[in-house]
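Participant: You'll find upload.txt just under this line, and it carries compact mmCIF, C-alpha atoms and all ligand atoms.
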# COMPACT_ATOMS: atom_id res chain seq x y z
CA MET A 1 0.00 0.00 0.00
CA SER A 2 1.41 3.43 -0.93
CA PHE A 3 1.87 6.09 1.69
CA LYS A 4 -0.78 8.22 -0.01
CA MET A 5 -3.34 5.46 0.07
CA HIS A 6 -2.56 4.72 3.68
CA LEU A 7 -3.18 8.36 4.56
CA LEU A 8 -6.48 8.22 2.68
CA THR A 9 -7.60 5.10 4.57
CA SER A 10 -6.74 6.45 8.00
CA ARG A 11 -8.51 9.70 7.11
CA THR A 12 -11.57 7.76 5.97
CA VAL A 13 -11.53 5.81 9.22
CA ALA A 14 -11.22 9.04 11.18
CA VAL A 15 -14.36 10.32 9.49
CA ILE A 16 -16.36 7.08 9.46
CA LEU A 17 -15.75 6.14 13.09
CA PRO A 18 -17.34 9.24 14.68
CA VAL A 19 -20.21 9.03 12.17
CA LEU A 20 -20.83 5.40 13.16
CA LEU A 21 -20.64 6.35 16.81
CA LEU A 22 -23.15 9.13 16.27
CA LEU A 23 -25.50 6.82 14.36
CA GLY A 24 -25.28 4.30 17.19
CA MET A 25 -26.22 6.92 19.76
CA LEU A 26 -29.09 8.14 17.60
CA TYR A 27 -30.36 4.57 17.15
CA SER A 28 -30.36 3.82 20.87
CA TYR A 29 -32.06 7.15 21.58
CA ILE A 30 -34.82 6.50 19.02
CA TRP A 31 -35.27 2.89 20.18
CA ARG A 32 -35.63 3.96 23.78
CA HIS A 33 -38.38 6.43 22.91
CA TYR A 34 -40.08 4.02 20.55
CA ARG A 35 -40.09 1.32 23.22
CA ASP A 36 -41.43 3.68 25.90
CA GLY A 37 -44.08 4.93 23.51
CA ILE A 38 -45.33 1.41 22.87
CA PHE A 39 -44.92 -0.34 26.17
CA GLY A 40 -44.83 2.24 28.88
CA GLN A 41 -46.51 5.48 29.64
CA GLU A 42 -44.70 7.92 31.83
CA VAL A 43 -47.35 9.42 34.02
CA ARG A 44 -46.78 12.50 36.06
CA PRO A 45 -49.46 13.03 38.69
CA ALA A 46 -50.34 16.56 39.69
CA ASP A 47 -47.96 16.48 42.66
CA GLY A 48 -45.04 16.33 40.24
CA SER A 49 -43.88 12.88 41.22
CA SER A 50 -43.46 10.33 38.51
CA SER A 51 -44.90 6.84 38.45
CA ARG A 52 -44.53 4.25 35.72
CA VAL A 53 -47.72 2.37 35.03
CA ASP A 54 -47.32 -1.38 34.85
CA PHE A 55 -47.27 -2.39 31.20
CA THR A 56 -46.98 -6.16 31.24
CA ILE A 57 -50.76 -6.40 31.22
CA VAL A 58 -50.96 -5.49 27.54
CA ASN A 59 -49.79 -8.97 26.56
CA HIS A 60 -53.28 -10.38 26.19
CA TRP A 61 -54.16 -7.46 24.04
CA PHE A 62 -51.31 -7.91 21.58
CA HIS A 63 -51.56 -11.64 21.37
CA LEU A 64 -54.95 -13.23 20.72
CA VAL A 65 -54.86 -16.98 21.25
CA ALA A 66 -57.88 -18.95 20.07
CA SER A 67 -58.84 -22.44 21.13
CA ASP A 68 -58.10 -25.15 18.61
CA TYR A 69 -61.36 -26.91 19.47
CA LEU A 70 -63.93 -24.17 19.03
CA GLU A 71 -66.01 -24.37 15.86
CA TYR A 72 -67.63 -21.20 14.64
CA GLN A 73 -69.19 -19.61 11.58
CA GLN A 74 -66.81 -18.81 8.77
CA PRO A 75 -66.01 -15.10 8.64
CA SER A 76 -66.48 -13.24 5.36
CA ILE A 77 -65.00 -10.08 3.93
CA VAL A 78 -67.66 -9.65 1.27
CA GLN A 79 -70.76 -10.24 3.35
CA GLY A 80 -71.72 -8.45 6.51
CA ARG A 81 -73.56 -5.39 7.69
CA THR A 82 -74.08 -2.79 4.99
CA ASP A 83 -76.39 -0.42 6.88
CA VAL A 84 -73.69 0.90 9.22
CA VAL A 85 -70.03 1.87 9.08
CA THR A 86 -67.94 -0.55 11.11
CA VAL A 87 -64.53 1.09 11.04
CA THR A 88 -63.31 4.64 11.66
CA PRO A 89 -61.04 6.54 9.23
CA TRP A 90 -58.15 5.73 11.63
CA LEU A 91 -59.08 2.05 11.38
CA ALA A 92 -60.54 1.47 14.83
CA PRO A 93 -63.44 -1.01 14.84
CA ILE A 94 -66.91 0.41 15.47
CA VAL A 95 -68.75 -2.30 17.38
CA TRP A 96 -72.26 -3.10 16.15
CA GLU A 97 -74.36 -6.21 16.64
CA GLY A 98 -73.52 -8.66 13.86
CA THR A 99 -69.88 -7.59 13.45
CA TYR A 100 -68.32 -9.98 15.94
CA ASN A 101 -68.60 -13.47 17.35
CA PRO A 102 -69.16 -13.33 21.13
CA GLU A 103 -68.26 -16.98 21.76
CA LEU A 104 -65.02 -16.68 19.82
CA LEU A 105 -64.08 -13.47 21.64
CA ASP A 106 -64.88 -14.92 25.07
CA SER A 107 -62.88 -18.04 24.30
CA ILE A 108 -59.88 -15.85 23.48
CA TYR A 109 -60.11 -13.70 26.60
CA ARG A 110 -61.27 -16.25 29.20
CA PRO A 111 -57.97 -18.16 29.48
CA GLN A 112 -56.17 -14.83 29.89
CA ASN A 113 -57.99 -14.37 33.19
CA ILE A 114 -58.54 -10.67 32.53
CA SER A 115 -60.14 -8.44 35.13
CA ILE A 116 -62.40 -5.47 34.60
CA ALA A 117 -63.05 -2.62 37.01
CA ALA A 118 -66.21 -0.55 36.68
CA THR A 119 -66.77 2.79 38.36
CA VAL A 120 -70.16 4.25 39.05
CA PHE A 121 -71.07 7.41 40.98
CA ALA A 122 -74.22 7.68 43.05
CA VAL A 123 -74.15 10.97 44.92
CA GLY A 124 -77.23 12.43 46.62
CA LYS A 125 -80.52 11.11 45.31
CA TYR A 126 -78.81 9.20 42.50
CA THR A 127 -78.45 6.23 44.89
CA LYS A 128 -81.96 5.28 43.82
CA PHE A 129 -80.58 4.13 40.45
CA LEU A 130 -78.03 1.78 41.99
CA ARG A 131 -80.22 -1.27 42.46
CA ASP A 132 -81.25 -1.58 38.80
CA PHE A 133 -77.78 -0.69 37.61
CA LEU A 134 -76.08 -3.31 39.75
CA GLU A 135 -78.66 -6.05 39.20
CA THR A 136 -78.66 -5.68 35.43
CA ALA A 137 -74.84 -5.48 35.39
CA GLU A 138 -74.83 -8.93 36.98
CA GLN A 139 -76.97 -10.20 34.11
CA HIS A 140 -75.18 -8.57 31.17
CA PHE A 141 -71.84 -6.91 31.96
CA PHE A 142 -68.86 -9.21 31.36
CA VAL A 143 -70.73 -12.27 32.56
CA GLY A 144 -68.28 -15.03 33.46
CA PHE A 145 -65.36 -12.64 33.94
CA LYS A 146 -63.63 -11.08 36.93
CA VAL A 147 -65.44 -7.80 37.59
CA HIS A 148 -64.89 -5.34 40.44
CA VAL A 149 -67.50 -2.60 40.72
CA TYR A 150 -66.54 0.55 42.63
CA VAL A 151 -69.51 2.59 43.85
CA PHE A 152 -68.65 6.16 44.81
CA THR A 153 -71.31 7.60 47.08
CA ASP A 154 -72.00 9.98 49.95
CA ARG A 155 -74.74 7.61 51.19
CA PRO A 156 -73.03 4.24 51.70
CA LYS A 157 -76.01 2.94 53.69
CA GLU A 158 -78.21 3.23 50.63
CA VAL A 159 -76.06 0.95 48.49
CA HIS A 160 -78.20 -2.01 47.57
CA GLN A 161 -76.81 -5.44 48.42
CA VAL A 162 -76.70 -7.39 45.20
CA LYS A 163 -75.95 -11.09 44.96
CA MET A 164 -72.88 -11.31 42.80
CA ALA A 165 -71.52 -14.33 40.97
CA SER A 166 -68.17 -15.73 42.07
CA GLY A 167 -65.23 -13.71 40.85
CA ARG A 168 -67.29 -10.54 40.98
CA GLN A 169 -67.28 -8.04 43.81
CA LEU A 170 -68.35 -4.59 44.87
CA THR A 171 -66.54 -1.93 46.88
CA VAL A 172 -68.18 1.20 48.25
CA VAL A 173 -65.97 4.30 48.21
CA PRO A 174 -67.29 7.13 50.40
CA VAL A 175 -67.11 10.59 48.81
CA PRO A 176 -68.40 13.96 49.98
CA GLY A 177 -71.78 15.19 48.77
CA SER A 178 -72.24 18.37 46.80
CA ASN A 179 -74.96 20.87 46.14
CA ARG A 180 -74.02 21.33 42.49
CA TRP A 181 -74.55 18.43 40.03
CA GLN A 182 -71.97 20.00 37.72
CA GLU A 183 -69.37 19.55 40.44
CA ILE A 184 -70.36 15.92 41.10
CA SER A 185 -70.13 15.15 37.43
CA ALA A 186 -66.80 16.96 37.02
CA ARG A 187 -65.13 15.45 40.09
CA ARG A 188 -65.48 11.98 38.64
CA MET A 189 -62.30 12.28 36.57
CA GLU A 190 -60.20 13.12 39.61
CA LEU A 191 -61.62 10.21 41.60
CA ILE A 192 -61.11 7.80 38.71
CA GLN A 193 -57.50 8.93 38.41
CA THR A 194 -56.90 8.43 42.12
CA LEU A 195 -58.61 5.04 42.13
CA ILE A 196 -56.34 3.80 39.33
CA GLU A 197 -53.21 5.09 41.08
CA GLU A 198 -54.06 3.85 44.56
CA LYS A 199 -56.12 0.69 44.09
CA LEU A 200 -56.18 -0.68 40.56
CA GLN A 201 -52.70 -0.36 39.17
CA ASN A 202 -51.14 -3.83 38.96
CA HIS A 203 -54.42 -5.50 40.00
CA MET A 204 -56.88 -4.92 37.18
CA ASP A 205 -56.48 -4.87 33.41
CA TYR A 206 -59.36 -2.78 32.10
CA ILE A 207 -61.69 -0.14 33.49
CA PHE A 208 -65.08 1.15 32.37
CA CYS A 209 -66.60 4.32 33.83
CA LEU A 210 -70.37 4.35 33.66
CA ASP A 211 -73.33 6.59 34.51
CA VAL A 212 -75.52 5.18 37.27
CA ASP A 213 -78.84 6.36 35.84
CA SER A 214 -78.82 3.54 33.35
CA LYS A 215 -79.61 -0.15 32.99
CA PHE A 216 -78.16 -3.02 31.02
CA HIS A 217 -80.55 -4.78 28.62
CA GLY A 218 -78.14 -6.86 26.55
CA ARG A 219 -74.62 -8.22 26.43
CA TRP A 220 -71.73 -5.85 27.12
CA GLY A 221 -68.61 -8.00 27.07
CA THR A 222 -65.20 -8.75 25.60
CA GLU A 223 -66.10 -7.20 22.25
CA SER A 224 -65.82 -3.82 24.00
CA LEU A 225 -62.21 -4.29 25.10
CA GLY A 226 -59.60 -1.96 23.70
CA ALA A 227 -56.81 0.36 24.77
CA LEU A 228 -59.00 3.45 24.69
CA VAL A 229 -62.73 2.89 24.29
CA ALA A 230 -65.39 5.52 23.55
CA VAL A 231 -69.13 5.22 23.03
CA ILE A 232 -70.91 7.21 20.33
CA HIS A 233 -73.68 9.37 21.79
CA PRO A 234 -77.12 8.26 20.58
CA GLY A 235 -78.35 11.82 20.21
CA TYR A 236 -76.09 13.15 17.48
CA TYR A 237 -74.69 10.36 15.31
CA ARG A 238 -76.76 11.26 12.27
CA ASP A 239 -75.96 14.98 12.53
CA ASP A 240 -73.34 17.14 10.89
CA ARG A 241 -70.44 17.76 13.26
CA SER A 242 -71.18 21.50 13.31
CA LYS A 243 -74.25 20.56 15.39
CA PHE A 244 -72.30 18.53 17.98
CA PRO A 245 -72.58 20.14 21.44
CA TYR A 246 -68.80 20.53 21.82
CA GLU A 247 -67.38 23.37 23.87
CA ARG A 248 -67.21 26.22 21.34
CA ARG A 249 -65.45 28.98 23.30
CA PRO A 250 -61.79 29.15 22.24
CA GLU A 251 -60.82 30.23 25.79
CA SER A 252 -61.72 26.77 27.09
CA THR A 253 -59.23 23.90 26.98
CA ALA A 254 -62.14 21.75 25.75
CA TYR A 255 -62.59 23.92 22.65
CA VAL A 256 -63.37 22.18 19.37
CA ALA A 257 -63.48 24.31 16.20
CA PRO A 258 -66.60 24.17 14.00
CA ARG A 259 -65.04 22.15 11.17
CA LYS A 260 -63.35 19.66 13.52
CA GLY A 261 -64.64 16.51 15.21
CA ASP A 262 -65.15 12.83 14.40
CA PHE A 263 -68.09 11.67 16.49
CA TYR A 264 -69.78 13.05 19.57
CA TYR A 265 -68.92 10.66 22.39
CA CYS A 266 -70.79 9.98 25.64
CA GLY A 267 -69.51 11.19 28.98
CA GLY A 268 -71.67 8.44 30.52
CA ALA A 269 -69.55 5.50 29.33
CA PHE A 270 -65.89 5.17 28.40
CA GLY A 271 -63.03 2.88 29.27
CA GLY A 272 -59.99 0.91 28.20
CA LEU A 273 -56.68 -0.20 29.61
CA LEU A 274 -55.85 1.31 33.00
CA GLN A 275 -52.92 3.34 31.70
CA GLU A 276 -54.98 4.86 28.89
CA VAL A 277 -57.93 5.77 31.10
CA HIS A 278 -55.51 7.16 33.67
CA ARG A 279 -54.02 9.44 31.07
CA LEU A 280 -57.50 10.51 29.92
CA ALA A 281 -58.73 11.21 33.47
CA ASN A 282 -55.58 13.09 34.39
CA THR A 283 -55.75 15.27 31.26
CA CYS A 284 -59.46 16.02 31.58
CA ARG A 285 -59.10 16.88 35.26
CA THR A 286 -56.09 19.15 34.66
CA ASN A 287 -57.88 20.91 31.81
CA PHE A 288 -61.06 21.23 33.84
CA GLU A 289 -59.08 22.90 36.64
CA ALA A 290 -57.27 25.21 34.21
CA ASP A 291 -60.66 26.33 32.88
CA ALA A 292 -62.04 26.80 36.40
CA LYS A 293 -59.14 29.15 37.21
CA LYS A 294 -60.31 31.30 34.30
CA GLY A 295 -63.92 31.09 35.45
CA ILE A 296 -64.97 28.78 32.59
CA GLU A 297 -67.02 25.61 32.89
CA ALA A 298 -67.24 23.65 29.64
CA ALA A 299 -70.68 23.27 28.07
CA TRP A 300 -71.11 19.64 29.18
CA GLN A 301 -68.46 19.49 31.92
CA GLU A 302 -66.25 16.42 31.64
CA GLU A 303 -68.11 15.18 28.57
CA SER A 304 -66.76 18.24 26.72
CA HIS A 305 -63.24 17.55 27.98
CA LEU A 306 -63.54 13.88 27.05
CA ASN A 307 -64.63 14.84 23.53
CA ARG A 308 -61.69 17.19 23.16
CA TYR A 309 -59.35 14.45 24.43
CA MET A 310 -60.74 11.80 22.07
CA LEU A 311 -60.43 14.15 19.09
CA ILE A 312 -56.66 14.26 19.61
CA ASN A 313 -56.15 10.84 21.23
CA LYS A 314 -58.20 8.66 18.91
CA PRO A 315 -60.05 5.79 20.59
CA THR A 316 -58.76 2.38 19.48
CA LYS A 317 -62.24 0.94 19.74
CA VAL A 318 -65.50 2.77 19.23
CA LEU A 319 -68.75 1.38 20.59
CA SER A 320 -71.93 2.09 18.63
CA PRO A 321 -74.91 3.78 20.32
CA GLU A 322 -76.11 0.25 21.22
CA TYR A 323 -73.80 0.73 24.20
CA LEU A 324 -75.54 3.81 25.60
CA TRP A 325 -78.99 4.49 24.30
CA GLN A 326 -81.59 6.72 25.98
CA ASP A 327 -84.92 5.23 27.04
CA PHE A 328 -86.88 8.24 25.86
CA LYS A 329 -85.51 7.87 22.33
CA PRO A 330 -87.29 5.56 19.85
CA ARG A 331 -84.89 2.89 18.59
CA ASN A 332 -83.45 3.57 15.13
CA PRO A 333 -83.48 0.59 12.69
CA GLU A 334 -79.66 0.26 12.59
CA VAL A 335 -79.72 -0.29 16.34
CA ARG A 336 -80.58 -4.00 16.44
CA ILE A 337 -80.06 -4.34 20.16
CA ILE A 338 -79.94 -1.89 23.04
CA ARG A 339 -77.30 -3.07 25.48
CA PHE A 340 -77.17 -0.21 27.96
CA SER A 341 -79.55 2.71 28.19
CA GLY A 342 -80.13 5.81 30.28
CA VAL A 343 -83.44 5.72 32.16
CA ILE A 344 -85.97 8.51 31.98
CA LYS A 345 -85.55 10.78 34.98
CA ASN A 346 -86.99 13.95 36.35
CA TYR A 347 -84.02 16.25 36.78
CA ALA A 348 -85.89 18.57 39.14
CA ASP A 349 -86.53 15.63 41.49
CA ILE A 350 -83.08 14.14 41.70
CA ARG A 351 -80.47 16.83 41.15
CA PRO A 352 -79.41 19.09 44.01
CA ASN A 353 -79.65 22.17 41.78
CA VAL A 354 -81.18 23.01 38.40
N1 LIG B 1 -74.36 12.15 39.51
C1 LIG B 1 -74.65 11.85 40.83
N2 LIG B 1 -75.39 12.72 41.56
C2 LIG B 1 -75.89 13.89 41.04
C3 LIG B 1 -75.60 14.18 39.69
C4 LIG B 1 -74.85 13.29 38.95
O1 LIG B 1 -74.22 10.81 41.33
O2 LIG B 1 -76.57 14.64 41.76
C5 LIG B 1 -73.52 11.21 38.73
C6 LIG B 1 -74.29 9.96 38.33
O3 LIG B 1 -73.40 8.87 38.24
C7 LIG B 1 -74.81 10.32 36.95
C8 LIG B 1 -73.63 11.11 36.41
O4 LIG B 1 -73.11 11.82 37.52
O5 LIG B 1 -75.14 9.17 36.21
C9 LIG B 1 -73.96 12.08 35.26
O6 LIG B 1 -75.08 12.87 35.57
P1 LIG B 1 -76.49 12.66 34.83
O7 LIG B 1 -76.73 11.22 34.63
O8 LIG B 1 -77.54 13.41 35.57
O9 LIG B 1 -76.23 13.35 33.42
P2 LIG B 1 -77.00 13.02 32.06
O10 LIG B 1 -76.75 11.59 31.73
O11 LIG B 1 -78.44 13.29 32.30
O12 LIG B 1 -76.38 13.96 31.07
MN MN B 2 -76.72 9.88 32.92
Produce structure tokens that represent the structure in this file.
Facilitator:
Amino acid sequence: MSFKMHLLTSRTVAVILPVLLLLGMLYSYIWRHYRDGIFGQEVRPADGSSSRVDFTIVNHWFHLVASDYLEYQQPSIVQGRTDVVTVTPWLAPIVWEGTYNPELLDSIYRPQNISIAATVFAVGKYTKFLRDFLETAEQHFFVGFKVHVYVFTDRPKEVHQVKMASGRQLTVVPVPGSNRWQEISARRMELIQTLIEEKLQNHMDYIFCLDVDSKFHGRWGTESLGALVAVIHPGYYRDDRSKFPYERRPESTAYVAPRKGDFYYCGGAFGGLLQEVHRLANTCRTNFEADAKKGIEAAWQEESHLNRYMLINKPTKVLSPEYLWQDFKPRNPEVRIIRFSGVIKNYADIRPNV
């Protein structure tokens, strides 16, 4: 090798080595963030401390193992429901009756031994809805699975004793009363966040947060599982998004501009993996408090904040209005089954203020 060539090679090495080193550092940096983004969610509670939510639980969600012995109807990609849309533009399933096989789904999730927490608030006179809610939940909500219902109430004595199947249980969480329904409704996010941090983390897999003034009429089960789950509000799904009752004042953190919005989601039912619902509750609560400091209360309290959140953080599964109908509303033909529905109530009778 000539001296000139040798010089060239050592110069090339001198350039290539640092470049390789830099690429290596960049790779490990990107991989770390990619891995955290997928598997772990850094959560910073309001007190500034940092807690890492357990992420091993997502295994059953990534890996769906079916039984070799189960026989079921052949699925088709050319035949199916044509009267409804069953997937969002971001490719999340929209769950309607006739789009899934309940036995197949249950057979996938049962061996995983998943557990589902449900929160329900019954403050003031709303305790009168508890009995029907709890009894019908026993009949229809994740039957055959581990379910832990948390009832938040200021009247623990009025919580109806319901016979629950084995593997299912109920815990009463005492909370203060309030003389403003808006405050009761809004405080739910904070209490859900605290419950996840203090009681559920590492013990439960999924959580659903439900309105108490409602009853189950049909199956609500494993088909509803997803990382972040929202229910489409029965009142607006045929309307143009300009008519959705989003918060329209730009000063509010719940603001949604007139030409924005996917669906109008219910504040009365949402859920998903613990870490996702924790992030949702934390964000909505923080935004609610930021608004309150400016003297703003969003049009529909936490429902407005939830809708703003879901616009940016797209739900990975969307439940059709079958999953929260309203008893006063005649059933539309595309709704083949009503699974959960809000009862008719006299607001003047049950709310502490009008
Ligand atoms: N809530 C309550 N006590 C009240 C008002 C509200 O416990 O005085 C809780 C209850 O769980 C209820 C939820 O907040 O289901 C939302 O309020 P509501 O059902 O009245 O709202 P709507 O469904 O009519 O919009
Ligand atoms: Mn309600």
Participant: Would you mind telling me which residue in A:Tyr265, A:Trp90, A:Phe216, A:Tyr109 lies nearest to Leu134 (chain A) when using all atoms listed in the file?
Facilitator: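 Selected residue with least distance to Leu134 (chain A): A:Phe216.
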Participant: Please identify every polymer residue within 10 Å of ligand MN 2 (chain B), using only C-alpha atoms and all ligand atoms, and present the set as a JSON list (two decimals) with C-alpha atoms, in the coordinates of the input.
Facilitator:
[["chain", "number", "residue", "atom", "x", "y", "z"],
["A", 126, "TYR", "CA", -78.81, 9.20, 42.50],
["A", 185, "SER", "CA", -70.13, 15.15, 37.43],
["A", 210, "LEU", "CA", -70.37, 4.35, 33.66],
["A", 211, "ASP", "CA", -73.33, 6.59, 34.51],
["A", 212, "VAL", "CA", -75.52, 5.18, 37.27],
["A", 213, "ASP", "CA", -78.84, 6.36, 35.84],
["A", 214, "SER", "CA", -78.82, 3.54, 33.35],
["A", 266, "CYS", "CA", -70.79, 9.98, 25.64],
["A", 267, "GLY", "CA", -69.51, 11.19, 28.98],
["A", 268, "GLY", "CA", -71.67, 8.44, 30.52],
["A", 269, "ALA", "CA", -69.55, 5.50, 29.33],
["A", 324, "LEU", "CA", -75.54, 3.81, 25.60],
["A", 326, "GLN", "CA", -81.59, 6.72, 25.98],
["A", 341, "SER", "CA", -79.55, 2.71, 28.19],
["A", 342, "GLY", "CA", -80.13, 5.81, 30.28],
["A", 343, "VAL", "CA", -83.44, 5.72, 32.16],
["A", 344, "ILE", "CA", -85.97, 8.51, 31.98],
["A", 345, "LYS", "CA", -85.55, 10.78, 34.98]]
Participant: What is the distance, in Å and to one decimal place, between CA of Leu104 (chain A) and CA of Gly221 (chain A)?
Facilitator: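 Interatomic distance here is 11.9 Å.
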Participant: Work out how far CA of Ala281 (chain A) is from CA of Glu183 (chain A), in Å to one decimal.
Facilitator: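 These two atoms are separated by 15.2 Å.
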Participant: So what do you get for CA of Pro258 (chain A) versus CA of Glu303 (chain A), distance-wise?
Facilitator: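 Pair CA of Pro258 (chain A) / CA of Glu303 (chain A) returns 17.2 Å.
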Participant: Counting only C-alpha atoms, find the residues whose atoms lie at most 6 Å from (-76.9, 23.1, 46.5) (file coordinates) and write them out as a ChimeraX atom specification.
Facilitator: /A:179-180,352-353
Participant: Can you tell me which residues surround region 293-301 of chain A at a distance of at most 12 Å, considering all atoms listed in the file, apart from same-chain residues fewer than 2 positions away, and format the answer as a PyMOL selection string?
Facilitator: chain A and resi 181-189+244-256+264-268+284-291+303-308
Participant: Could region 86-108 of chain A be completed with N, CA and C atoms and written as an mmCIF file, in the coordinates of the input, please?
Facilitator:
data_model
loop_
_atom_site.group_PDB
_atom_site.id
_atom_site.type_symbol
_atom_site.label_atom_id
_atom_site.label_comp_id
_atom_site.auth_asym_id
_atom_site.auth_seq_id
_atom_site.Cartn_x
_atom_site.Cartn_y
_atom_site.Cartn_z
ATOM 1 N N THR A 86 -68.477 0.260 10.013
ATOM 2 C CA THR A 86 -67.940 -0.550 11.110
ATOM 3 C C THR A 86 -66.464 -0.291 11.380
ATOM 4 N N VAL A 87 -65.925 0.749 10.776
ATOM 5 C CA VAL A 87 -64.530 1.090 11.040
ATOM 6 C C VAL A 87 -64.356 2.603 10.881
ATOM 7 N N THR A 88 -63.535 3.189 11.733
ATOM 8 C CA THR A 88 -63.310 4.640 11.660
ATOM 9 C C THR A 88 -62.248 4.939 10.600
ATOM 10 N N PRO A 89 -62.093 6.200 10.204
ATOM 11 C CA PRO A 89 -61.040 6.540 9.230
ATOM 12 C C PRO A 89 -59.631 6.258 9.774
ATOM 13 N N TRP A 90 -59.476 6.093 11.094
ATOM 14 C CA TRP A 90 -58.150 5.730 11.630
ATOM 15 C C TRP A 90 -58.098 4.220 11.940
ATOM 16 N N LEU A 91 -59.049 3.512 11.338
ATOM 17 C CA LEU A 91 -59.080 2.050 11.380
ATOM 18 C C LEU A 91 -59.278 1.434 12.768
ATOM 19 N N ALA A 92 -60.090 2.093 13.565
ATOM 20 C CA ALA A 92 -60.540 1.470 14.830
ATOM 21 C C ALA A 92 -61.897 0.823 14.526
ATOM 22 N N PRO A 93 -62.129 -0.383 15.074
ATOM 23 C CA PRO A 93 -63.440 -1.010 14.840
ATOM 24 C C PRO A 93 -64.553 -0.191 15.497
ATOM 25 N N ILE A 94 -65.706 -0.143 14.837
ATOM 26 C CA ILE A 94 -66.910 0.410 15.470
ATOM 27 C C ILE A 94 -67.799 -0.793 15.741
ATOM 28 N N VAL A 95 -68.090 -1.046 17.005
ATOM 29 C CA VAL A 95 -68.750 -2.300 17.380
ATOM 30 C C VAL A 95 -70.274 -2.187 17.237
ATOM 31 N N TRP A 96 -70.814 -2.979 16.338
ATOM 32 C CA TRP A 96 -72.260 -3.100 16.150
ATOM 33 C C TRP A 96 -72.625 -4.577 16.271
ATOM 34 N N GLU A 97 -73.867 -4.826 16.636
ATOM 35 C CA GLU A 97 -74.360 -6.210 16.640
ATOM 36 C C GLU A 97 -74.175 -6.794 15.230
ATOM 37 N N GLY A 98 -73.690 -8.010 15.161
ATOM 38 C CA GLY A 98 -73.520 -8.660 13.860
ATOM 39 C C GLY A 98 -72.124 -8.472 13.272
ATOM 40 N N THR A 99 -71.244 -7.773 13.986
ATOM 41 C CA THR A 99 -69.880 -7.590 13.450
ATOM 42 C C THR A 99 -68.865 -8.477 14.154
ATOM 43 N N TYR A 100 -69.289 -9.193 15.176
ATOM 44 C CA TYR A 100 -68.320 -9.980 15.940
ATOM 45 C C TYR A 100 -68.967 -11.281 16.422
ATOM 46 N N ASN A 101 -68.127 -12.196 16.830
ATOM 47 C CA ASN A 101 -68.600 -13.470 17.350
ATOM 48 C C ASN A 101 -68.318 -13.535 18.857
ATOM 49 N N PRO A 102 -69.379 -13.394 19.680
ATOM 50 C CA PRO A 102 -69.160 -13.330 21.130
ATOM 51 C C PRO A 102 -68.490 -14.570 21.721
ATOM 52 N N GLU A 103 -68.858 -15.756 21.206
ATOM 53 C CA GLU A 103 -68.260 -16.980 21.760
ATOM 54 C C GLU A 103 -66.767 -17.038 21.446
ATOM 55 N N LEU A 104 -66.432 -16.664 20.223
ATOM 56 C CA LEU A 104 -65.020 -16.680 19.820
ATOM 57 C C LEU A 104 -64.227 -15.693 20.689
ATOM 58 N N LEU A 105 -64.769 -14.486 20.842
ATOM 59 C CA LEU A 105 -64.080 -13.470 21.640
ATOM 60 C C LEU A 105 -63.887 -13.935 23.087
ATOM 61 N N ASP A 106 -64.977 -14.464 23.677
ATOM 62 C CA ASP A 106 -64.880 -14.920 25.070
ATOM 63 C C ASP A 106 -63.856 -16.041 25.209
ATOM 64 N N SER A 107 -63.817 -16.915 24.201
ATOM 65 C CA SER A 107 -62.880 -18.040 24.300
ATOM 66 C C SER A 107 -61.432 -17.553 24.195
ATOM 67 N N ILE A 108 -61.237 -16.422 23.558
ATOM 68 C CA ILE A 108 -59.880 -15.850 23.480
ATOM 69 C C ILE A 108 -59.499 -15.211 24.815
#
